[in-house]
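Undergrad: This is query.txt, which holds compact mmCIF, C-alpha atoms and all ligand atoms:
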```txt
# COMPACT_ATOMS: atom_id res chain seq x y z
CA MET A 819 96.25 -34.38 43.19
CA ALA A 820 99.95 -33.60 43.50
CA VAL A 821 102.50 -36.39 43.24
CA THR A 822 104.28 -37.14 46.51
CA VAL A 823 107.53 -39.08 46.88
CA THR A 824 108.23 -40.61 50.32
CA PRO A 825 111.49 -42.48 51.06
CA LEU A 826 110.95 -46.03 52.33
CA SER A 827 114.22 -46.75 54.10
CA GLY A 828 117.81 -45.63 54.54
CA ALA A 829 118.87 -48.20 51.93
CA LEU A 830 116.77 -47.37 48.88
CA GLY A 831 113.18 -47.15 47.67
CA ALA A 832 110.41 -44.56 47.65
CA ARG A 833 106.63 -44.66 47.67
CA ILE A 834 104.92 -42.55 45.02
CA GLU A 835 101.36 -41.41 45.59
CA GLY A 836 98.99 -39.23 43.63
CA LEU A 837 99.20 -41.12 40.33
CA ASN A 838 96.62 -43.41 38.77
CA LEU A 839 98.61 -45.58 36.37
CA ARG A 840 95.59 -46.33 34.21
CA HIS A 841 96.52 -42.99 32.72
CA LEU A 842 100.07 -42.42 31.54
CA PRO A 843 101.89 -39.79 33.58
CA HIS A 844 103.19 -36.81 31.62
CA GLY A 845 104.71 -33.36 32.12
CA ASP A 846 105.80 -32.52 35.66
CA ASP A 847 104.43 -35.81 37.03
CA LEU A 848 106.53 -37.84 34.62
CA ALA A 849 109.59 -35.72 35.35
CA ALA A 850 109.11 -36.26 39.11
CA LEU A 851 108.74 -39.98 38.52
CA ARG A 852 111.90 -40.24 36.40
CA ARG A 853 113.82 -38.29 39.05
CA ALA A 854 112.54 -40.53 41.87
CA PHE A 855 113.39 -43.69 39.92
CA LEU A 856 117.01 -42.57 39.47
CA ASP A 857 117.36 -41.18 43.00
CA TYR A 858 115.68 -44.01 44.93
CA GLN A 859 116.41 -46.93 42.54
CA MET A 860 113.10 -48.62 43.34
CA VAL A 861 109.64 -47.05 43.42
CA VAL A 862 106.31 -48.37 44.73
CA PHE A 863 102.92 -47.14 43.57
CA PRO A 864 100.35 -48.46 46.05
CA GLY A 865 96.66 -48.99 45.35
CA GLN A 866 96.84 -49.42 41.58
CA LYS A 867 94.30 -51.24 39.41
CA ILE A 868 96.03 -51.77 36.08
CA SER A 869 95.68 -54.09 33.09
CA ALA A 870 98.59 -55.72 31.25
CA GLY A 871 98.13 -53.04 28.58
CA ASP A 872 98.48 -50.27 31.17
CA GLN A 873 101.63 -51.93 32.51
CA ILE A 874 103.17 -52.25 29.03
CA ALA A 875 102.37 -48.63 28.20
CA PHE A 876 103.98 -47.51 31.46
CA CYS A 877 107.11 -49.60 30.74
CA GLU A 878 107.37 -48.07 27.28
CA LEU A 879 107.92 -44.64 28.88
CA PHE A 880 111.33 -45.97 29.94
CA GLY A 881 112.34 -48.32 27.11
CA ALA A 882 111.05 -51.43 25.37
CA ALA A 883 108.63 -53.61 27.36
CA ASP A 884 109.43 -57.28 27.06
CA SER A 885 109.18 -60.64 28.70
CA ASP A 886 111.12 -63.61 27.40
CA TYR A 887 109.64 -66.39 29.49
CA LYS A 888 106.66 -68.60 28.84
CA ALA A 889 103.24 -67.14 28.25
CA PRO A 890 100.43 -68.49 30.43
CA PRO A 891 97.97 -70.91 28.83
CA GLN A 892 94.92 -68.67 29.11
CA GLU A 893 94.42 -66.53 26.02
CA ASN A 894 92.82 -63.23 26.72
CA ASP A 895 93.69 -59.67 26.04
CA ASP A 896 95.03 -59.08 29.51
CA TYR A 897 97.81 -61.60 28.90
CA ARG A 898 98.88 -60.49 25.46
CA LYS A 899 102.41 -59.63 24.38
CA GLY A 900 104.12 -62.51 26.16
CA VAL A 901 103.52 -61.46 29.72
CA MET A 902 105.39 -63.29 32.44
CA LEU A 903 103.40 -64.18 35.52
CA VAL A 904 105.33 -64.82 38.71
CA SER A 905 103.01 -67.26 40.43
CA ASN A 906 102.59 -70.51 42.32
CA VAL A 907 99.10 -70.99 40.78
CA ARG A 908 98.91 -74.28 38.92
CA LYS A 909 96.55 -75.56 36.20
CA ASN A 910 96.49 -79.35 35.96
CA GLY A 911 99.58 -79.39 38.15
CA VAL A 912 101.55 -77.09 35.85
CA PRO A 913 102.53 -73.59 37.04
CA ILE A 914 100.79 -70.90 34.96
CA GLY A 915 103.88 -68.70 35.22
CA ASN A 916 107.48 -68.68 36.42
CA LEU A 917 109.44 -68.65 39.69
CA PRO A 918 106.50 -70.32 41.44
CA ASP A 919 107.68 -71.45 44.85
CA GLY A 920 109.60 -70.42 47.92
CA ASP A 921 112.55 -68.19 48.46
CA MET A 922 114.94 -66.89 45.85
CA GLN A 923 118.57 -65.78 46.14
CA PHE A 924 119.76 -62.25 45.35
CA HIS A 925 120.21 -61.49 41.64
CA SER A 926 119.80 -58.77 39.03
CA ASP A 927 117.37 -59.51 36.20
CA GLY A 928 119.11 -60.24 32.93
CA ALA A 929 122.67 -60.39 34.36
CA HIS A 930 122.95 -63.71 32.47
CA ARG A 931 122.31 -61.88 29.15
CA ASP A 932 124.63 -59.68 27.12
CA SER A 933 121.98 -56.95 27.42
CA PRO A 934 120.61 -57.09 30.96
CA TYR A 935 117.19 -55.59 31.62
CA LEU A 936 117.27 -51.93 32.50
CA ALA A 937 114.36 -52.30 34.90
CA THR A 938 111.72 -54.76 36.05
CA THR A 939 108.10 -54.07 36.96
CA LEU A 940 105.89 -56.28 39.12
CA TYR A 941 102.20 -55.75 39.78
CA ALA A 942 100.72 -57.59 42.78
CA ILE A 943 97.40 -59.29 41.97
CA ARG A 944 97.32 -61.81 44.88
CA VAL A 945 99.75 -62.01 47.78
CA PRO A 946 100.08 -64.47 50.68
CA SER A 947 99.17 -63.40 54.23
CA GLU A 948 102.83 -63.70 55.27
CA GLY A 949 106.23 -64.05 53.60
CA GLY A 950 106.98 -63.74 49.91
CA ASP A 951 108.61 -60.37 50.59
CA THR A 952 110.89 -59.01 47.89
CA LEU A 953 114.23 -57.73 49.21
CA PHE A 954 116.10 -54.98 47.38
CA ALA A 955 119.82 -54.25 47.80
CA ASN A 956 121.54 -50.98 46.91
CA LEU A 957 124.60 -51.75 44.74
CA TYR A 958 125.85 -48.13 44.72
CA ALA A 959 126.06 -48.17 48.52
CA ALA A 960 127.77 -51.58 48.44
CA TYR A 961 130.42 -50.20 46.07
CA ASP A 962 130.89 -46.92 47.95
CA ALA A 963 131.47 -48.78 51.24
CA LEU A 964 134.42 -50.82 49.88
CA ASP A 965 137.85 -49.79 51.09
CA ASP A 966 140.10 -48.01 48.61
CA ALA A 967 142.40 -51.01 48.17
CA THR A 968 139.48 -53.24 47.14
CA LYS A 969 138.10 -50.56 44.82
CA ALA A 970 141.49 -50.33 43.11
CA ARG A 971 141.80 -54.11 42.91
CA ILE A 972 138.43 -54.69 41.22
CA GLU A 973 138.49 -51.75 38.81
CA GLY A 974 138.43 -53.11 35.26
CA LEU A 975 137.69 -56.73 36.28
CA ARG A 976 134.84 -58.70 34.74
CA VAL A 977 132.46 -61.20 36.28
CA HIS A 978 131.15 -64.35 34.60
CA ASN A 979 127.44 -64.94 35.25
CA ALA A 980 125.56 -68.17 34.53
CA TYR A 981 121.88 -68.88 35.10
CA ILE A 982 119.53 -71.77 34.47
CA LEU A 983 116.25 -70.12 33.50
CA ASP A 984 113.72 -70.12 36.34
CA ALA A 985 116.24 -71.28 38.99
CA THR A 986 115.86 -69.69 42.43
CA SER A 987 119.16 -70.92 43.90
CA ARG A 988 122.67 -71.37 42.50
CA ASP A 989 122.57 -75.00 43.73
CA GLU A 990 120.12 -75.80 40.94
CA GLU A 991 123.10 -75.78 38.56
CA ALA A 992 122.68 -79.44 37.65
CA ARG A 993 118.92 -79.33 37.13
CA GLU A 994 117.79 -81.72 34.37
CA GLY A 995 116.73 -80.18 31.10
CA GLY A 996 117.35 -76.59 32.23
CA THR A 997 118.33 -73.85 29.80
CA LEU A 998 121.69 -72.34 30.74
CA ARG A 999 122.50 -68.74 29.80
CA GLU A 1000 125.87 -67.08 30.39
CA ALA A 1001 127.32 -63.58 30.04
CA GLU A 1002 130.23 -61.47 31.27
CA HIS A 1003 129.97 -57.94 32.61
CA PRO A 1004 132.15 -55.35 34.35
CA LEU A 1005 132.23 -56.00 38.09
CA VAL A 1006 132.15 -52.27 38.67
CA ARG A 1007 129.29 -51.08 36.54
CA ARG A 1008 128.87 -47.44 35.71
CA HIS A 1009 125.20 -46.52 35.56
CA SER A 1010 124.25 -45.29 32.09
CA GLU A 1011 122.20 -42.34 33.40
CA THR A 1012 123.53 -41.35 36.83
CA GLY A 1013 127.20 -42.13 36.09
CA ARG A 1014 127.55 -43.68 39.56
CA LYS A 1015 129.44 -46.94 40.15
CA ALA A 1016 127.56 -50.05 41.28
CA LEU A 1017 129.02 -53.36 42.51
CA TYR A 1018 127.45 -55.62 39.88
CA VAL A 1019 127.69 -59.10 41.38
CA ASN A 1020 125.10 -61.49 42.79
CA ARG A 1021 124.82 -64.81 44.60
CA LEU A 1022 122.39 -66.52 42.21
CA MET A 1023 124.28 -65.96 38.96
CA SER A 1024 127.88 -64.79 39.49
CA ARG A 1025 130.28 -67.75 39.09
CA TYR A 1026 133.80 -66.38 38.84
CA ILE A 1027 135.88 -63.30 38.25
CA VAL A 1028 137.59 -63.45 34.90
CA GLY A 1029 141.39 -63.57 34.76
CA LEU A 1030 142.30 -64.20 38.41
CA ASP A 1031 143.66 -67.55 39.56
CA GLU A 1032 141.16 -69.93 41.07
CA ALA A 1033 141.88 -69.50 44.79
CA GLU A 1034 142.08 -65.72 44.56
CA ARG A 1035 138.97 -65.31 42.47
CA ALA A 1036 136.89 -67.56 44.74
CA ARG A 1037 137.92 -65.59 47.83
CA LEU A 1038 137.26 -62.24 46.18
CA LEU A 1039 133.92 -63.34 44.74
CA ASP A 1040 132.71 -64.60 48.14
CA GLU A 1041 133.78 -61.34 49.77
CA LEU A 1042 131.96 -59.21 47.18
CA ILE A 1043 128.80 -61.32 47.26
CA ASP A 1044 128.68 -60.89 51.04
CA GLN A 1045 129.28 -57.15 50.59
CA VAL A 1046 126.19 -56.68 48.38
CA GLU A 1047 124.03 -58.53 50.95
CA ARG A 1048 124.95 -56.46 54.00
CA PRO A 1049 121.70 -55.68 55.89
CA GLU A 1050 122.24 -51.90 55.89
CA PHE A 1051 121.98 -51.87 52.08
CA ILE A 1052 118.68 -53.80 52.00
CA TYR A 1053 115.01 -52.81 52.02
CA ALA A 1054 112.40 -55.57 52.45
CA HIS A 1055 109.12 -54.95 50.64
CA LYS A 1056 106.00 -56.49 52.16
CA TRP A 1057 103.47 -56.67 49.39
CA THR A 1058 99.91 -55.40 49.42
CA GLU A 1059 97.58 -56.27 46.56
CA GLY A 1060 97.51 -53.38 44.11
CA ASP A 1061 101.19 -52.50 44.64
CA PHE A 1062 103.03 -51.73 41.42
CA LEU A 1063 106.84 -51.72 41.70
CA MET A 1064 109.62 -50.77 39.36
CA TRP A 1065 113.32 -51.23 40.14
CA ASP A 1066 116.55 -50.40 38.37
CA ASN A 1067 118.55 -53.56 37.58
CA ARG A 1068 121.65 -51.45 36.86
CA CYS A 1069 122.10 -50.63 40.55
CA VAL A 1070 119.78 -52.97 42.52
CA ASN A 1071 119.81 -56.69 43.37
CA HIS A 1072 116.66 -58.40 44.60
CA ALA A 1073 115.67 -61.63 46.35
CA ARG A 1074 112.52 -63.25 47.74
CA THR A 1075 111.67 -64.72 51.13
CA ASP A 1076 109.79 -68.00 51.58
CA PHE A 1077 105.99 -68.09 51.85
CA PRO A 1078 103.28 -70.69 52.60
CA ALA A 1079 102.88 -73.07 49.64
CA GLU A 1080 99.12 -73.38 50.20
CA GLU A 1081 98.53 -69.64 49.72
CA THR A 1082 98.26 -67.92 46.35
CA ARG A 1083 100.91 -65.52 45.09
CA LEU A 1084 100.32 -63.92 41.69
CA LEU A 1085 102.26 -61.03 40.23
CA ARG A 1086 102.38 -59.73 36.66
CA ARG A 1087 105.85 -58.94 35.37
CA TYR A 1088 107.25 -56.97 32.49
CA THR A 1089 110.90 -56.12 32.09
CA ILE A 1090 112.17 -53.00 30.35
CA SER A 1091 115.09 -53.09 27.93
CA GLU A 1092 116.96 -50.16 26.57
CA ALA A 1093 115.08 -49.18 23.40
CA VAL A 1094 117.02 -49.96 20.24
CA SER A 1095 116.93 -46.90 18.02
CA ALA A 1096 115.49 -47.43 14.56
CA ALA A 1097 118.66 -46.06 13.02
CA ALA A 1098 120.88 -48.68 14.70
C1 LIG A 1101 111.45 -61.50 39.36
C2 LIG A 1101 111.73 -61.85 40.75
C3 LIG A 1101 110.86 -61.90 42.97
C4 LIG A 1101 109.55 -62.10 43.65
O1 LIG A 1101 110.26 -61.46 38.98
O2 LIG A 1101 112.42 -61.24 38.61
O3 LIG A 1101 112.87 -62.02 41.09
O4 LIG A 1101 109.39 -61.53 44.73
N1 LIG A 1101 110.69 -61.90 41.57
O5 LIG A 1101 108.72 -62.84 43.14
MN MN A 1102 114.27 -61.36 39.47
```
Represent the structure contained in this file as structure tokens.
Ligand code: OGA
Ligand code: MN
TA:
Amino acid sequence: MAVTVTPLSGALGARIEGLNLRHLPHGDDLAALRRAFLDYQMVVFPGQKISAGDQIAFCELFGAADSDYKAPPQENDDYRKGVMLVSNVRKNGVPIGNLPDGDMQFHSDGAHRDSPYLATTLYAIRVPSEGGDTLFANLYAAYDALDDATKARIEGLRVHNAYILDATSRDEEAREGGTLREAEHPLVRRHSETGRKALYVNRLMSRYIVGLDEAERARLLDELIDQVERPEFIYAHKWTEGDFLMWDNRCVNHARTDFPAEETRLLRRYTISEAVSAAA
């Protein structure tokens, strides 16, 4: 069956059909997939039935598969290699994974690290009957839509990001016992493969713009955070079990809507980092 690529919205995203991800894509299929990932920034493969091993192998087509959060307590092959589950399922009152409950503000995975994740993959195992949508925002479009004066003003500036691991809102700053991670990055980020400029700022993690005085940097930061959340740049994904998604953290922010606490939400997550060459 031929691979088909269907755009999902005017903002970003495409649905890819005709691939069974239990088998690694290769040749023309893989080339079409790489092209779609760069062109649409986020791709959805519906109707998949994949193991953790399949997911890791897929991730390794693009870089190094990793996951730096806690491993779930159950020990079986499907959960090897430090998988991160995104789930509100609890065992003895303790979440089996991360980011268990409710909504989550816009962010880009790994923006609190010196080496942010290139991409993130999520595989939907159980989803609630309503809510728990993942929203994706196009950071190229957000940059392109800035006026020339603002583009000139922010060129070369850096943004300071801070994140308490597993927080879903920036107001959790003071959370007891949390692990804080911080990193600085260019506010205008040039994509390593497409060469396009993305407005690399987000509500959950971005704290201040380096080098500007306090009043000016607060005003500018607020303005840019609002810019990357404009509705015309956003696609809302309603999950179906069996959906496998991959998005490009270099040019996409994402967020989550609230969902009923009494319903189960379980997704399996691996991030992809740029592979470190053996010679390095
Ligand atoms: C993530 C994340 C959003 C969601 O796994 O990095 O932000 O919809 N998940 O659960
Ligand atoms: Mn995330």
Undergrad: Skip A:His925 itself and residues of its chain fewer than 2 positions away, then list as a VMD selection string all residues within 9 Å of it, counting only C-alpha atoms.
TA: chain A and resid 922 to 923 927 to 929 1019 to 1024 1070 to 1073
Undergrad: For the selection you just gave me, I'd like the residues written to a file as a PDB file, in the coordinates of the input, keeping C-alpha atoms.
TA:
```
ATOM      1  CA  MET A 922     114.940 -66.890  45.850  1.00  0.00           C
ATOM      2  CA  GLN A 923     118.570 -65.780  46.140  1.00  0.00           C
ATOM      3  CA  ASP A 927     117.370 -59.510  36.200  1.00  0.00           C
ATOM      4  CA  GLY A 928     119.110 -60.240  32.930  1.00  0.00           C
ATOM      5  CA  ALA A 929     122.670 -60.390  34.360  1.00  0.00           C
ATOM      6  CA  VAL A1019     127.690 -59.100  41.380  1.00  0.00           C
ATOM      7  CA  ASN A1020     125.100 -61.490  42.790  1.00  0.00           C
ATOM      8  CA  ARG A1021     124.820 -64.810  44.600  1.00  0.00           C
ATOM      9  CA  LEU A1022     122.390 -66.520  42.210  1.00  0.00           C
ATOM     10  CA  MET A1023     124.280 -65.960  38.960  1.00  0.00           C
ATOM     11  CA  SER A1024     127.880 -64.790  39.490  1.00  0.00           C
ATOM     12  CA  VAL A1070     119.780 -52.970  42.520  1.00  0.00           C
ATOM     13  CA  ASN A1071     119.810 -56.690  43.370  1.00  0.00           C
ATOM     14  CA  HIS A1072     116.660 -58.400  44.600  1.00  0.00           C
ATOM     15  CA  ALA A1073     115.670 -61.630  46.350  1.00  0.00           C
TER      16      ALA A1073
END
```
Undergrad: If you count only C-alpha atoms, which residues fall within 6 Å of stretch 975-981 of chain A, apart from same-chain ones fewer than 3 positions away, as JSON, numbers by chain?
TA: {"A": [930, 972, 998, 999, 1000, 1001, 1002, 1003, 1004, 1005, 1023, 1024, 1025, 1026, 1027, 1028]}
Undergrad: Which residue is closest to A:Ala942? Choose from A:Gly1060, A:Gly865, A:Gly911, A:Gly1013 and count only C-alpha atoms.
TA: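 Using only C-alpha atoms, the shortest distance to A:Ala942 belongs to A:Gly1060.
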Undergrad: 10 Å from ligand LIG 1101 (chain A) is the threshold here; counting all atoms listed in the file, which polymer residues fall inside it? Answer as a VMD selection string.
TA: chain A and resid 902 to 906 916 to 928 937 to 942 949 to 954 984 986 1055 to 1057 1067 1071 to 1076 1083 to 1089
Undergrad: Just how far from atom CA of A:Phe880 is atom CA of A:Leu936, in Å to one decimal?
TA: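 Going from atom CA of A:Leu936 over to atom CA of A:Phe880 covers 8.8 Å.
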Undergrad: Using all atoms listed in the file, which residue out of A:Leu983, A:Leu1017, A:Ala963, A:Ile1052 lies closest to ligand MN 1102 (chain A)?
TA: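 That would be A:Leu983, the residue with the smallest distance to ligand MN 1102 (chain A).
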Undergrad: Between atom CA of A:Arg1048 and atom CA of A:Val823, what is the distance in Å, rounded to a tenth?
TA: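 Here the two named atoms are 25.6 Å from each other.
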Undergrad: My list of candidates is A:Glu878, A:Asp1031, A:Asp1066, A:Glu973. Which is closest to ligand MN 1102 (chain A) when distances are computed with all atoms listed in the file?
TA: A:Asp1066
Undergrad: Leaving out A:Asp847 and any residue of its chain fewer than 4 positions from it, which residues lie within 7 Å of it when counting all atoms listed in the file, given as a PyMOL selection string?
TA: chain A and resi 821+843+851
Undergrad: Extract stretch 834-851 of chain A from the coordinates I pasted, and write it as a tab-separated table (two decimals), in the first residue's frame (atoms kept: N, CA, C and O atoms).
TA:
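As written to disk, decode.tsv reads:
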```tsv
chain	number	residue	atom	x	y	z
A	834	ILE	N	-0.34	10.43	8.29
A	834	ILE	CA	0.36	9.54	7.36
A	834	ILE	C	-0.27	8.16	7.44
A	834	ILE	O	-0.35	7.55	8.51
A	835	GLU	N	-0.73	7.69	6.30
A	835	GLU	CA	-1.36	6.36	6.25
A	835	GLU	C	-0.61	5.46	5.28
A	835	GLU	O	0.13	5.94	4.42
A	836	GLY	N	-0.80	4.16	5.47
A	836	GLY	CA	-0.15	3.21	4.58
A	836	GLY	C	1.14	2.65	5.15
A	836	GLY	O	1.89	1.98	4.43
A	837	LEU	N	1.39	2.91	6.44
A	837	LEU	CA	2.59	2.34	7.08
A	837	LEU	C	2.18	1.57	8.32
A	837	LEU	O	1.38	2.05	9.13
A	838	ASN	N	2.75	0.39	8.48
A	838	ASN	CA	2.59	-0.37	9.72
A	838	ASN	C	3.92	-0.26	10.46
A	838	ASN	O	4.94	-0.83	10.04
A	839	LEU	N	3.91	0.46	11.58
A	839	LEU	CA	5.17	0.79	12.26
A	839	LEU	C	5.75	-0.37	13.08
A	839	LEU	O	6.75	-0.19	13.77
A	840	ARG	N	5.13	-1.55	12.96
A	840	ARG	CA	5.81	-2.73	13.52
A	840	ARG	C	7.00	-3.10	12.65
A	840	ARG	O	7.88	-3.84	13.07
A	841	HIS	N	6.97	-2.60	11.43
A	841	HIS	CA	8.09	-2.81	10.51
A	841	HIS	C	8.71	-1.46	10.22
A	841	HIS	O	7.99	-0.50	9.91
A	842	LEU	N	10.00	-1.35	10.30
A	842	LEU	CA	10.64	-0.06	10.08
A	842	LEU	C	10.49	0.38	8.63
A	842	LEU	O	10.77	-0.40	7.72
A	843	PRO	N	10.04	1.62	8.41
A	843	PRO	CA	9.97	2.11	7.03
A	843	PRO	C	11.37	2.25	6.44
A	843	PRO	O	12.33	2.50	7.16
A	844	HIS	N	11.47	2.06	5.12
A	844	HIS	CA	12.76	2.24	4.46
A	844	HIS	C	12.53	2.74	3.04
A	844	HIS	O	11.39	2.85	2.58
A	845	GLY	N	13.59	3.04	2.35
A	845	GLY	CA	13.50	3.45	0.93
A	845	GLY	C	12.61	4.67	0.73
A	845	GLY	O	12.70	5.64	1.48
A	846	ASP	N	11.74	4.58	-0.28
A	846	ASP	CA	10.87	5.71	-0.63
A	846	ASP	C	9.93	6.08	0.52
A	846	ASP	O	9.61	7.25	0.72
A	847	ASP	N	9.46	5.06	1.24
A	847	ASP	CA	8.54	5.33	2.36
A	847	ASP	C	9.23	6.18	3.42
A	847	ASP	O	8.67	7.15	3.94
A	848	LEU	N	10.44	5.81	3.75
A	848	LEU	CA	11.19	6.55	4.76
A	848	LEU	C	11.49	7.97	4.28
A	848	LEU	O	11.38	8.94	5.04
A	849	ALA	N	11.82	8.08	3.01
A	849	ALA	CA	12.10	9.42	2.45
A	849	ALA	C	10.85	10.29	2.51
A	849	ALA	O	10.93	11.48	2.88
A	850	ALA	N	9.68	9.71	2.20
A	850	ALA	CA	8.42	10.47	2.24
A	850	ALA	C	8.12	10.91	3.68
A	850	ALA	O	7.65	12.02	3.93
A	851	LEU	N	8.42	10.01	4.61
A	851	LEU	CA	8.18	10.30	6.01
A	851	LEU	C	9.10	11.41	6.54
A	851	LEU	O	8.66	12.34	7.22
```
